[in-house]
Amino acid sequence: MADFPHIQTAIPHRRYHYGDYSVTVLGDVQSGDDRDYVYVAAFVREGEAQPRLFVTAERTQGGTALRVVNATMDETLDVDPRWAKLEDLCEQALQTGAQLLGLEKETPYLLG
């Protein structure tokens with residue numbers, strides 16, 4: 001079973017419309033779990049309340065980890081300092097979401 005982020009408070013930094021999904025990238029994350037989140041990108045399908053996919057940047061002893069969490073997977077994909085940069089995290093989160101949610105033919109639109 002996946003270990004979804006337990007977000008208590010956060011500040012939205014970016015919002016996207018991506019196919020049938022809204023994507024919110026959160027920063028300044030305070031969580032109720034033992035992870036130190038830099039950013040959390042949450043993919044919520046239209047008409048649903050809970051995210052189907054999270055792509056996170058997390059501070060670890062080895063650096064900043066890029067992690068993917070959905071109902072069937074909880075996996076660290078990479079550890080690199082660039083994941084602590086908003087632009088890099090957003091670009092990778094949208095690419096990962098496209099692959100995992102079948103959005104390859106869609107275009108992400110930055111909202112406001």
# chains A, B, ... in the order shown; residues from 1 in each chain; ligands from 1
>>> residues_around(residues="range 87-90 of chain A", least_positions_apart="5", cutoff="12 Å", atoms="only C-alpha atoms", output="PDB file with C-alpha atoms, in the first residue's frame")
ATOM      1  CA  HIS A  13       3.072  27.589  -5.743  1.00  0.00           C
ATOM      2  CA  ARG A  14       1.710  26.474  -9.141  1.00  0.00           C
ATOM      3  CA  ARG A  15      -1.553  25.190 -10.573  1.00  0.00           C
ATOM      4  CA  TYR A  16      -2.044  23.457 -13.906  1.00  0.00           C
ATOM      5  CA  VAL A  23      -2.283  19.627 -10.731  1.00  0.00           C
ATOM      6  CA  THR A  24      -1.313  21.670  -7.700  1.00  0.00           C
ATOM      7  CA  VAL A  25       2.320  22.072  -6.693  1.00  0.00           C
ATOM      8  CA  LEU A  26       2.615  22.814  -2.988  1.00  0.00           C
ATOM      9  CA  GLY A  27       5.569  24.271  -1.101  1.00  0.00           C
ATOM     10  CA  VAL A  38      10.273  20.532  -0.328  1.00  0.00           C
ATOM     11  CA  TYR A  39       7.439  20.322  -2.885  1.00  0.00           C
ATOM     12  CA  VAL A  40       4.422  18.098  -3.448  1.00  0.00           C
ATOM     13  CA  ALA A  41       2.686  17.911  -6.842  1.00  0.00           C
ATOM     14  CA  ALA A  42      -0.808  16.450  -6.476  1.00  0.00           C
ATOM     15  CA  PHE A  43      -2.789  15.202  -9.499  1.00  0.00           C
ATOM     16  CA  PHE A  54       1.773  12.543  -5.977  1.00  0.00           C
ATOM     17  CA  VAL A  55       5.218  13.526  -7.235  1.00  0.00           C
ATOM     18  CA  THR A  56       7.304  14.850  -4.360  1.00  0.00           C
ATOM     19  CA  ALA A  57      10.672  16.442  -3.720  1.00  0.00           C
ATOM     20  CA  GLU A  58      11.903  15.424  -0.268  1.00  0.00           C
ATOM     21  CA  THR A  64      16.759  15.849  -2.489  1.00  0.00           C
ATOM     22  CA  ALA A  65      14.777  12.787  -3.542  1.00  0.00           C
ATOM     23  CA  LEU A  66      12.215  12.668  -6.347  1.00  0.00           C
ATOM     24  CA  ARG A  67       9.465  10.281  -5.210  1.00  0.00           C
ATOM     25  CA  VAL A  68       6.322   9.025  -6.937  1.00  0.00           C
ATOM     26  CA  ASP A  78      16.205   9.871  -8.294  1.00  0.00           C
ATOM     27  CA  VAL A  79      18.219  11.851  -5.758  1.00  0.00           C
ATOM     28  CA  ASP A  80      19.578  15.159  -7.047  1.00  0.00           C
ATOM     29  CA  PRO A  81      19.770  18.744  -5.727  1.00  0.00           C
ATOM     30  CA  ARG A  82      17.814  20.002  -8.744  1.00  0.00           C
ATOM     31  CA  GLN A  95       6.338  14.497 -17.391  1.00  0.00           C
ATOM     32  CA  THR A  96       5.938  11.727 -14.806  1.00  0.00           C
ATOM     33  CA  GLY A  97       2.204  12.410 -14.527  1.00  0.00           C
ATOM     34  CA  PRO A 108      -0.442  21.184 -19.411  1.00  0.00           C
ATOM     35  CA  LEU A 110      -0.415  26.921 -16.199  1.00  0.00           C
TER      36      LEU A 110
END
>>> select_by_dssp(residues="chain A", states="helix (DSSP H, G or I)", output="count of residues only")
20
>>> residues_around(residues="Val29 in chain A", least_positions_apart="4", cutoff="9 Å", atoms="only C-alpha atoms", output="PyMOL selection string")
chain A and resi 7-11+36-40
>>> write_last_selection(atoms="N, CA and C atoms", output="mmCIF file, in the first residue's frame")
data_model
loop_
_atom_site.group_PDB
_atom_site.id
_atom_site.type_symbol
_atom_site.label_atom_id
_atom_site.label_comp_id
_atom_site.auth_asym_id
_atom_site.auth_seq_id
_atom_site.Cartn_x
_atom_site.Cartn_y
_atom_site.Cartn_z
ATOM 1 N N ILE A 7 -0.417 15.785 4.410
ATOM 2 C CA ILE A 7 -0.195 17.227 4.420
ATOM 3 C C ILE A 7 -1.121 17.896 5.423
ATOM 4 N N GLN A 8 -0.511 18.675 6.327
ATOM 5 C CA GLN A 8 -1.301 19.422 7.295
ATOM 6 C C GLN A 8 -1.503 20.854 6.816
ATOM 7 N N THR A 9 -0.422 21.504 6.398
ATOM 8 C CA THR A 9 -0.514 22.838 5.806
ATOM 9 C C THR A 9 0.495 22.941 4.666
ATOM 10 N N ALA A 10 0.193 23.778 3.705
ATOM 11 C CA ALA A 10 1.092 24.011 2.570
ATOM 12 C C ALA A 10 0.621 25.250 1.826
ATOM 13 N N ILE A 11 1.523 25.786 1.012
ATOM 14 C CA ILE A 11 1.195 26.953 0.193
ATOM 15 C C ILE A 11 1.269 26.550 -1.270
ATOM 16 N N ASP A 36 10.341 15.074 4.967
ATOM 17 C CA ASP A 36 10.610 16.507 4.905
ATOM 18 C C ASP A 36 10.404 16.958 3.454
ATOM 19 N N TYR A 37 9.186 17.363 3.136
ATOM 20 C CA TYR A 37 8.827 17.728 1.768
ATOM 21 C C TYR A 37 9.327 19.125 1.409
ATOM 22 N N VAL A 38 9.949 19.236 0.248
ATOM 23 C CA VAL A 38 10.273 20.532 -0.328
ATOM 24 C C VAL A 38 9.072 20.981 -1.156
ATOM 25 N N TYR A 39 8.622 20.089 -2.056
ATOM 26 C CA TYR A 39 7.439 20.322 -2.885
ATOM 27 C C TYR A 39 6.632 19.036 -2.994
ATOM 28 N N VAL A 40 5.332 19.212 -3.185
ATOM 29 C CA VAL A 40 4.422 18.098 -3.448
ATOM 30 C C VAL A 40 3.540 18.497 -4.619
#
>>> select_by_dssp(residues="range 6-47 of chain A", states="strand (DSSP E or B)", output="PyMOL selection string")
chain A and resi 7-18+21-31+36-45
>>> decode(residues="range 61-109 of chain A", atoms="N, CA and C atoms", output="mmCIF file, in the first residue's frame")
data_model
loop_
_atom_site.group_PDB
_atom_site.id
_atom_site.type_symbol
_atom_site.label_atom_id
_atom_site.label_comp_id
_atom_site.auth_asym_id
_atom_site.auth_seq_id
_atom_site.Cartn_x
_atom_site.Cartn_y
_atom_site.Cartn_z
ATOM 1 N N GLN A 61 18.940 12.421 3.746
ATOM 2 C CA GLN A 61 20.356 12.519 4.114
ATOM 3 C C GLN A 61 21.238 12.539 2.875
ATOM 4 N N GLY A 62 20.782 11.909 1.796
ATOM 5 C CA GLY A 62 21.574 11.848 0.574
ATOM 6 C C GLY A 62 21.363 13.019 -0.370
ATOM 7 N N GLY A 63 20.439 13.921 -0.071
ATOM 8 C CA GLY A 63 20.142 15.047 -0.959
ATOM 9 C C GLY A 63 18.648 15.264 -1.067
ATOM 10 N N THR A 64 18.193 15.641 -2.252
ATOM 11 C CA THR A 64 16.759 15.849 -2.489
ATOM 12 C C THR A 64 16.257 14.720 -3.370
ATOM 13 N N ALA A 65 15.299 13.965 -2.845
ATOM 14 C CA ALA A 65 14.777 12.787 -3.542
ATOM 15 C C ALA A 65 13.519 13.135 -4.321
ATOM 16 N N LEU A 66 13.424 12.585 -5.532
ATOM 17 C CA LEU A 66 12.215 12.668 -6.347
ATOM 18 C C LEU A 66 11.457 11.369 -6.118
ATOM 19 N N ARG A 67 10.246 11.466 -5.572
ATOM 20 C CA ARG A 67 9.465 10.281 -5.210
ATOM 21 C C ARG A 67 8.115 10.334 -5.897
ATOM 22 N N VAL A 68 7.627 9.160 -6.291
ATOM 23 C CA VAL A 68 6.322 9.025 -6.937
ATOM 24 C C VAL A 68 5.465 8.103 -6.080
ATOM 25 N N VAL A 69 4.230 8.550 -5.815
ATOM 26 C CA VAL A 69 3.318 7.763 -4.995
ATOM 27 C C VAL A 69 1.945 7.735 -5.652
ATOM 28 N N ASN A 70 1.407 6.543 -5.861
ATOM 29 C CA ASN A 70 0.006 6.379 -6.262
ATOM 30 C C ASN A 70 -0.520 5.145 -5.556
ATOM 31 N N ALA A 71 -1.673 4.650 -5.954
ATOM 32 C CA ALA A 71 -2.297 3.528 -5.245
ATOM 33 C C ALA A 71 -1.477 2.243 -5.339
ATOM 34 N N THR A 72 -0.634 2.129 -6.351
ATOM 35 C CA THR A 72 0.098 0.872 -6.552
ATOM 36 C C THR A 72 1.607 1.002 -6.429
ATOM 37 N N MET A 73 2.125 2.215 -6.311
ATOM 38 C CA MET A 73 3.573 2.356 -6.212
ATOM 39 C C MET A 73 3.972 3.456 -5.254
ATOM 40 N N ASP A 74 5.119 3.270 -4.649
ATOM 41 C CA ASP A 74 5.744 4.256 -3.770
ATOM 42 C C ASP A 74 7.236 4.083 -4.000
ATOM 43 N N GLU A 75 7.785 4.954 -4.866
ATOM 44 C CA GLU A 75 9.128 4.704 -5.343
ATOM 45 C C GLU A 75 9.934 5.995 -5.457
ATOM 46 N N THR A 76 11.179 5.945 -4.992
ATOM 47 C CA THR A 76 12.109 7.038 -5.208
ATOM 48 C C THR A 76 12.751 6.830 -6.571
ATOM 49 N N LEU A 77 12.609 7.819 -7.448
ATOM 50 C CA LEU A 77 13.128 7.702 -8.807
ATOM 51 C C LEU A 77 14.548 8.223 -8.941
ATOM 52 N N ASP A 78 14.904 9.233 -8.126
ATOM 53 C CA ASP A 78 16.205 9.871 -8.294
ATOM 54 C C ASP A 78 16.505 10.683 -7.039
ATOM 55 N N VAL A 79 17.791 10.935 -6.814
ATOM 56 C CA VAL A 79 18.219 11.851 -5.758
ATOM 57 C C VAL A 79 19.174 12.840 -6.409
ATOM 58 N N ASP A 80 18.790 14.123 -6.382
ATOM 59 C CA ASP A 80 19.578 15.159 -7.047
ATOM 60 C C ASP A 80 19.172 16.512 -6.464
ATOM 61 N N PRO A 81 20.118 17.428 -6.275
ATOM 62 C CA PRO A 81 19.770 18.744 -5.727
ATOM 63 C C PRO A 81 18.791 19.532 -6.579
ATOM 64 N N ARG A 82 18.702 19.216 -7.875
ATOM 65 C CA ARG A 82 17.814 20.002 -8.744
ATOM 66 C C ARG A 82 16.343 19.850 -8.374
ATOM 67 N N TRP A 83 15.962 18.783 -7.688
ATOM 68 C CA TRP A 83 14.547 18.588 -7.334
ATOM 69 C C TRP A 83 14.088 19.593 -6.286
ATOM 70 N N ALA A 84 15.014 20.304 -5.669
ATOM 71 C CA ALA A 84 14.648 21.371 -4.725
ATOM 72 C C ALA A 84 14.332 22.679 -5.446
ATOM 73 N N LYS A 85 14.491 22.699 -6.763
ATOM 74 C CA LYS A 85 14.174 23.881 -7.573
ATOM 75 C C LYS A 85 12.776 23.718 -8.150
ATOM 76 N N LEU A 86 11.934 24.723 -7.951
ATOM 77 C CA LEU A 86 10.529 24.660 -8.363
ATOM 78 C C LEU A 86 10.384 24.328 -9.847
ATOM 79 N N GLU A 87 11.123 25.013 -10.702
ATOM 80 C CA GLU A 87 10.993 24.782 -12.153
ATOM 81 C C GLU A 87 11.312 23.333 -12.525
ATOM 82 N N ASP A 88 12.415 22.810 -11.987
ATOM 83 C CA ASP A 88 12.824 21.440 -12.307
ATOM 84 C C ASP A 88 11.809 20.423 -11.799
ATOM 85 N N LEU A 89 11.322 20.641 -10.576
ATOM 86 C CA LEU A 89 10.344 19.717 -10.016
ATOM 87 C C LEU A 89 9.050 19.742 -10.836
ATOM 88 N N CYS A 90 8.562 20.926 -11.193
ATOM 89 C CA CYS A 90 7.326 21.034 -11.973
ATOM 90 C C CYS A 90 7.458 20.325 -13.315
ATOM 91 N N GLU A 91 8.557 20.568 -14.007
ATOM 92 C CA GLU A 91 8.766 19.943 -15.309
ATOM 93 C C GLU A 91 8.768 18.417 -15.198
ATOM 94 N N GLN A 92 9.484 17.897 -14.213
ATOM 95 C CA GLN A 92 9.554 16.443 -14.049
ATOM 96 C C GLN A 92 8.232 15.869 -13.562
ATOM 97 N N ALA A 93 7.549 16.573 -12.676
ATOM 98 C CA ALA A 93 6.253 16.089 -12.175
ATOM 99 C C ALA A 93 5.245 15.972 -13.316
ATOM 100 N N LEU A 94 5.192 16.974 -14.197
ATOM 101 C CA LEU A 94 4.254 16.921 -15.324
ATOM 102 C C LEU A 94 4.620 15.788 -16.282
ATOM 103 N N GLN A 95 5.903 15.589 -16.513
ATOM 104 C CA GLN A 95 6.338 14.497 -17.391
ATOM 105 C C GLN A 95 6.007 13.143 -16.774
ATOM 106 N N THR A 96 6.246 12.990 -15.496
ATOM 107 C CA THR A 96 5.938 11.727 -14.806
ATOM 108 C C THR A 96 4.430 11.483 -14.791
ATOM 109 N N GLY A 97 3.655 12.539 -14.511
ATOM 110 C CA GLY A 97 2.204 12.410 -14.527
ATOM 111 C C GLY A 97 1.688 11.996 -15.889
ATOM 112 N N ALA A 98 2.267 12.550 -16.959
ATOM 113 C CA ALA A 98 1.862 12.173 -18.322
ATOM 114 C C ALA A 98 2.072 10.693 -18.556
ATOM 115 N N GLN A 99 3.211 10.179 -18.135
ATOM 116 C CA GLN A 99 3.525 8.767 -18.339
ATOM 117 C C GLN A 99 2.611 7.853 -17.528
ATOM 118 N N LEU A 100 2.389 8.192 -16.271
ATOM 119 C CA LEU A 100 1.634 7.306 -15.383
ATOM 120 C C LEU A 100 0.121 7.428 -15.530
ATOM 121 N N LEU A 101 -0.352 8.577 -16.008
ATOM 122 C CA LEU A 101 -1.799 8.806 -16.110
ATOM 123 C C LEU A 101 -2.296 8.839 -17.554
ATOM 124 N N GLY A 102 -1.416 8.548 -18.503
ATOM 125 C CA GLY A 102 -1.818 8.511 -19.908
ATOM 126 C C GLY A 102 -2.128 9.875 -20.487
ATOM 127 N N LEU A 103 -1.344 10.874 -20.119
ATOM 128 C CA LEU A 103 -1.598 12.241 -20.573
ATOM 129 C C LEU A 103 -0.626 12.694 -21.656
ATOM 130 N N GLU A 104 0.053 11.754 -22.306
ATOM 131 C CA GLU A 104 1.084 12.107 -23.283
ATOM 132 C C GLU A 104 0.569 12.996 -24.414
ATOM 133 N N LYS A 105 -0.696 12.867 -24.789
ATOM 134 C CA LYS A 105 -1.253 13.655 -25.894
ATOM 135 C C LYS A 105 -1.876 14.966 -25.423
ATOM 136 N N GLU A 106 -1.839 15.209 -24.130
ATOM 137 C CA GLU A 106 -2.409 16.427 -23.553
ATOM 138 C C GLU A 106 -1.319 17.483 -23.377
ATOM 139 N N THR A 107 -1.746 18.725 -23.217
ATOM 140 C CA THR A 107 -0.825 19.833 -22.968
ATOM 141 C C THR A 107 -1.161 20.419 -21.584
ATOM 142 N N PRO A 108 -0.172 20.551 -20.711
ATOM 143 C CA PRO A 108 -0.442 21.184 -19.411
ATOM 144 C C PRO A 108 -0.552 22.694 -19.580
ATOM 145 N N TYR A 109 -1.536 23.289 -18.941
ATOM 146 C CA TYR A 109 -1.743 24.738 -18.981
ATOM 147 C C TYR A 109 -1.563 25.307 -17.588
#
